[in-house]
Amino acid sequence: MQFDVFTLFPEVFPPYLESSILHRAQEMGHLQVNLHNIRDWTADKHHVTDEPPYGGGGGMVMKPEPVFAAVEEILGTPPCCPVILMTPQGELLTQEKANTLVGYTRLAIIAGHYEGIDERVREHLVSQEISVGDYVLTGGELPALVLIDVLTRLIPGVLGDPQATENDSHASGLLEYPHYTRPEDFRGWKVPEILRSGHHARINRWRREQALKRTRDRRPELLSDLNLSADDRDFLASLDDDGTDEKKTGNK
């Protein structure tokens, strides 16, 4: 999968892209990230990329000319792939959205900065707007990295275990079940006996129940969109009956 990132601060990206899973994905040829400095497409000697907003107000607004020039030179006219603007005004990035986007072989990302970006970029260049949450960051660089990371994990062959993403939080609509590893006893806190039993069917059911309970305790609104089995509903009803909560079970 190829990403073309258009940004005013390309130096933000390499430290993260050269680490861990993203680094390995690039080495294996599954991931390619091209960084494009929007300042390189300015026409003045000072490389101005922002101006005060028309109508007054605080902050600066990114100019349309260098953004259009950069994207059109790299991607053509019209762009040869979807152009995504990272913005808090966009559609919320969810696992479901990620599963759709990973179907593309190439995506372009514009990382906005300052007060915002000229509206003509949104109207005539951008094909999708995506938000990583209902909050405002200094710029779109971190959200761009989030999007790249989320999608890279879904590219076949990137993770050693092809089923590794199936149980991730939100992959199935539920938060992920608790994980444990050695030592079996740490400061008197023991690994649940069921996980040491070797009974895979019981372990799978325990994990399902823990995921249901964790979702009910932390993000109950997610349950309304799920197609739950009769066993799932019975288990959740039993929690409501006895008032069990996560703190009482010792799962954090």
# chains A, B, ... in the order shown; residues from 1 in each chain; ligands from 1
call {"tool": "select_by_dssp", "arguments": {"residues": "stretch 22-85 of chain A", "states": "strand (DSSP E or B)", "output": "count of residues only"}}
result
13
call {"tool": "select_by_dssp", "arguments": {"residues": "stretch 32-227 of chain A", "states": "helix (DSSP H, G or I)", "output": "MDAnalysis selection string"}}
result
chainID A and resid 38:41 64:75 95:101 119:124 141:154 193:196 200:218 220:225
call {"tool": "residues_around", "arguments": {"residues": "A:Glu51", "least_positions_apart": "3", "cutoff": "12 Å", "atoms": "only C-alpha atoms", "output": "number ranges by chain"}}
result
A: 47-48, 54, 56-65, 113-118
call {"tool": "write_last_selection", "arguments": {"atoms": "N, CA and C atoms", "output": "mmCIF file, in the first residue's frame"}}
result
data_model
loop_
_atom_site.group_PDB
_atom_site.id
_atom_site.type_symbol
_atom_site.label_atom_id
_atom_site.label_comp_id
_atom_site.auth_asym_id
_atom_site.auth_seq_id
_atom_site.Cartn_x
_atom_site.Cartn_y
_atom_site.Cartn_z
ATOM 1 N N HIS A 47 8.781 31.184 0.744
ATOM 2 C CA HIS A 47 8.016 29.932 0.856
ATOM 3 C C HIS A 47 6.809 30.087 1.791
ATOM 4 N N VAL A 48 6.022 31.121 1.533
ATOM 5 C CA VAL A 48 4.848 31.403 2.359
ATOM 6 C C VAL A 48 3.737 30.405 2.042
ATOM 7 N N TYR A 54 -9.652 35.858 5.400
ATOM 8 C CA TYR A 54 -10.584 36.909 4.984
ATOM 9 C C TYR A 54 -11.675 37.045 6.037
ATOM 10 N N GLY A 56 -11.291 38.575 8.842
ATOM 11 C CA GLY A 56 -10.710 38.777 10.166
ATOM 12 C C GLY A 56 -10.769 37.532 11.024
ATOM 13 N N GLY A 57 -10.258 37.647 12.217
ATOM 14 C CA GLY A 57 -10.223 36.521 13.143
ATOM 15 C C GLY A 57 -8.798 36.095 13.425
ATOM 16 N N GLY A 58 -8.636 35.273 14.430
ATOM 17 C CA GLY A 58 -7.309 34.844 14.841
ATOM 18 C C GLY A 58 -6.776 33.714 13.992
ATOM 19 N N GLY A 59 -5.468 33.510 14.081
ATOM 20 C CA GLY A 59 -4.833 32.400 13.399
ATOM 21 C C GLY A 59 -4.558 32.679 11.932
ATOM 22 N N MET A 60 -3.901 31.712 11.305
ATOM 23 C CA MET A 60 -3.543 31.789 9.891
ATOM 24 C C MET A 60 -4.178 30.617 9.162
ATOM 25 N N VAL A 61 -4.395 30.806 7.865
ATOM 26 C CA VAL A 61 -5.043 29.784 7.042
ATOM 27 C C VAL A 61 -4.080 29.336 5.945
ATOM 28 N N MET A 62 -3.983 28.018 5.738
ATOM 29 C CA MET A 62 -3.119 27.506 4.675
ATOM 30 C C MET A 62 -3.641 27.919 3.306
ATOM 31 N N LYS A 63 -2.746 28.429 2.473
ATOM 32 C CA LYS A 63 -3.093 28.914 1.142
ATOM 33 C C LYS A 63 -3.415 27.745 0.197
ATOM 34 N N PRO A 64 -4.305 27.960 -0.764
ATOM 35 C CA PRO A 64 -4.661 26.860 -1.669
ATOM 36 C C PRO A 64 -3.620 26.569 -2.739
ATOM 37 N N GLU A 65 -2.890 27.624 -3.224
ATOM 38 C CA GLU A 65 -2.021 27.418 -4.387
ATOM 39 C C GLU A 65 -0.969 26.333 -4.196
ATOM 40 N N HIS A 113 -2.645 22.448 8.937
ATOM 41 C CA HIS A 113 -1.925 23.084 10.045
ATOM 42 C C HIS A 113 -2.498 24.476 10.249
ATOM 43 N N TYR A 114 -2.006 25.133 11.295
ATOM 44 C CA TYR A 114 -2.459 26.479 11.646
ATOM 45 C C TYR A 114 -3.954 26.467 11.975
ATOM 46 N N GLU A 115 -4.666 27.541 11.633
ATOM 47 C CA GLU A 115 -6.080 27.631 11.980
ATOM 48 C C GLU A 115 -6.930 26.710 11.122
ATOM 49 N N GLY A 116 -6.447 26.427 9.932
ATOM 50 C CA GLY A 116 -7.205 25.570 9.030
ATOM 51 C C GLY A 116 -6.647 25.676 7.633
ATOM 52 N N ILE A 117 -7.414 25.212 6.671
ATOM 53 C CA ILE A 117 -6.980 25.195 5.283
ATOM 54 C C ILE A 117 -8.051 25.863 4.433
ATOM 55 N N ASP A 118 -7.634 26.545 3.383
ATOM 56 C CA ASP A 118 -8.574 27.251 2.514
ATOM 57 C C ASP A 118 -9.688 26.307 2.058
#
call {"tool": "atom_distance", "arguments": {"atom1": "atom CA of A:Asp50", "atom2": "atom CA of A:Glu72"}}
result
19.0 Å
call {"tool": "closest_residue", "arguments": {"among": "A:Pro88, A:Val150, A:Ile109, A:Thr77", "to": "A:Val126", "atoms": "only C-alpha atoms"}}
result
A:Ile109
call {"tool": "residues_around", "arguments": {"residues": "A:Val83", "least_positions_apart": "5", "cutoff": "8 Å", "atoms": "only C-alpha atoms", "output": "PyMOL selection string"}}
result
chain A and resi 107-110+125-128
call {"tool": "atom_distance", "arguments": {"atom1": "atom CA of A:Gly112", "atom2": "atom CA of A:His23"}}
result
24.6 Å
call {"tool": "closest_residue", "arguments": {"among": "A:Leu175, A:Ile21, A:Val71, A:Leu92", "to": "A:Leu222", "atoms": "only C-alpha atoms"}}
result
A:Leu175
call {"tool": "closest_atom_pairs", "arguments": {"of": "stretch 72-122 of chain A", "to": "stretch 153-159 of chain A", "cutoff": "9 Å", "atoms": "only C-alpha atoms", "output": "CSV"}}
result
residue,atom,partner,partner_atom,distance
A:Ala98,CA,A:Leu154,CA,8.2
A:Asn99,CA,A:Leu154,CA,7.5
A:Val102,CA,A:Leu154,CA,6.8
A:Gly103,CA,A:Ile155,CA,8.9
call {"tool": "write_last_selection", "arguments": {"atoms": "C-alpha atoms", "output": "mmCIF file, in the first residue's frame"}}
result
data_model
loop_
_atom_site.group_PDB
_atom_site.id
_atom_site.type_symbol
_atom_site.label_atom_id
_atom_site.label_comp_id
_atom_site.auth_asym_id
_atom_site.auth_seq_id
_atom_site.Cartn_x
_atom_site.Cartn_y
_atom_site.Cartn_z
ATOM 1 C CA ALA A 98 -10.240 1.438 8.159
ATOM 2 C CA ASN A 99 -11.420 -1.869 6.694
ATOM 3 C CA VAL A 102 -7.300 -0.589 3.246
ATOM 4 C CA GLY A 103 -8.880 -1.794 0.026
#
call {"tool": "residues_around", "arguments": {"residues": "A:Asp225", "least_positions_apart": "4", "cutoff": "12 Å", "atoms": "only C-alpha atoms", "output": "PDB file with C-alpha atoms, in the first residue's frame"}}
result
ATOM      1  CA  HIS A 170     -13.251  -2.695  17.794  1.00  0.00           C
ATOM      2  CA  SER A 172     -15.432  -7.312  16.048  1.00  0.00           C
ATOM      3  CA  GLY A 173     -17.298  -4.364  17.533  1.00  0.00           C
ATOM      4  CA  LEU A 174     -16.192  -5.287  21.057  1.00  0.00           C
ATOM      5  CA  ARG A 219     -18.252   1.475  26.062  1.00  0.00           C
ATOM      6  CA  PRO A 220     -21.833   0.207  26.490  1.00  0.00           C
ATOM      7  CA  GLU A 221     -23.037   2.163  23.452  1.00  0.00           C
TER       8      GLU A 221
END
call {"tool": "closest_residue", "arguments": {"among": "A:Ala211, A:Thr42, A:Asp241, A:Ile84", "to": "A:Leu223", "atoms": "only C-alpha atoms"}}
result
A:Ala211
call {"tool": "closest_residue", "arguments": {"among": "A:Lys190, A:Ala201, A:His124, A:Asp231", "to": "A:Pro78", "atoms": "only C-alpha atoms"}}
result
A:His124
call {"tool": "residues_around", "arguments": {"residues": "A:Leu101", "least_positions_apart": "3", "cutoff": "10 Å", "atoms": "only C-alpha atoms", "output": "count of residues only"}}
result
12
call {"tool": "closest_residue", "arguments": {"among": "A:Ser131, A:Thr94, A:Thr152, A:Asn37", "to": "A:Leu17", "atoms": "only C-alpha atoms"}}
result
A:Thr152
call {"tool": "closest_residue", "arguments": {"among": "A:Asp185, A:Asp240, A:Glu193, A:Glu176", "to": "A:Arg208", "atoms": "only C-alpha atoms"}}
result
A:Glu176
call {"tool": "atom_distance", "arguments": {"atom1": "atom CA of A:Arg122", "atom2": "atom CA of A:Leu142"}}
result
19.5 Å
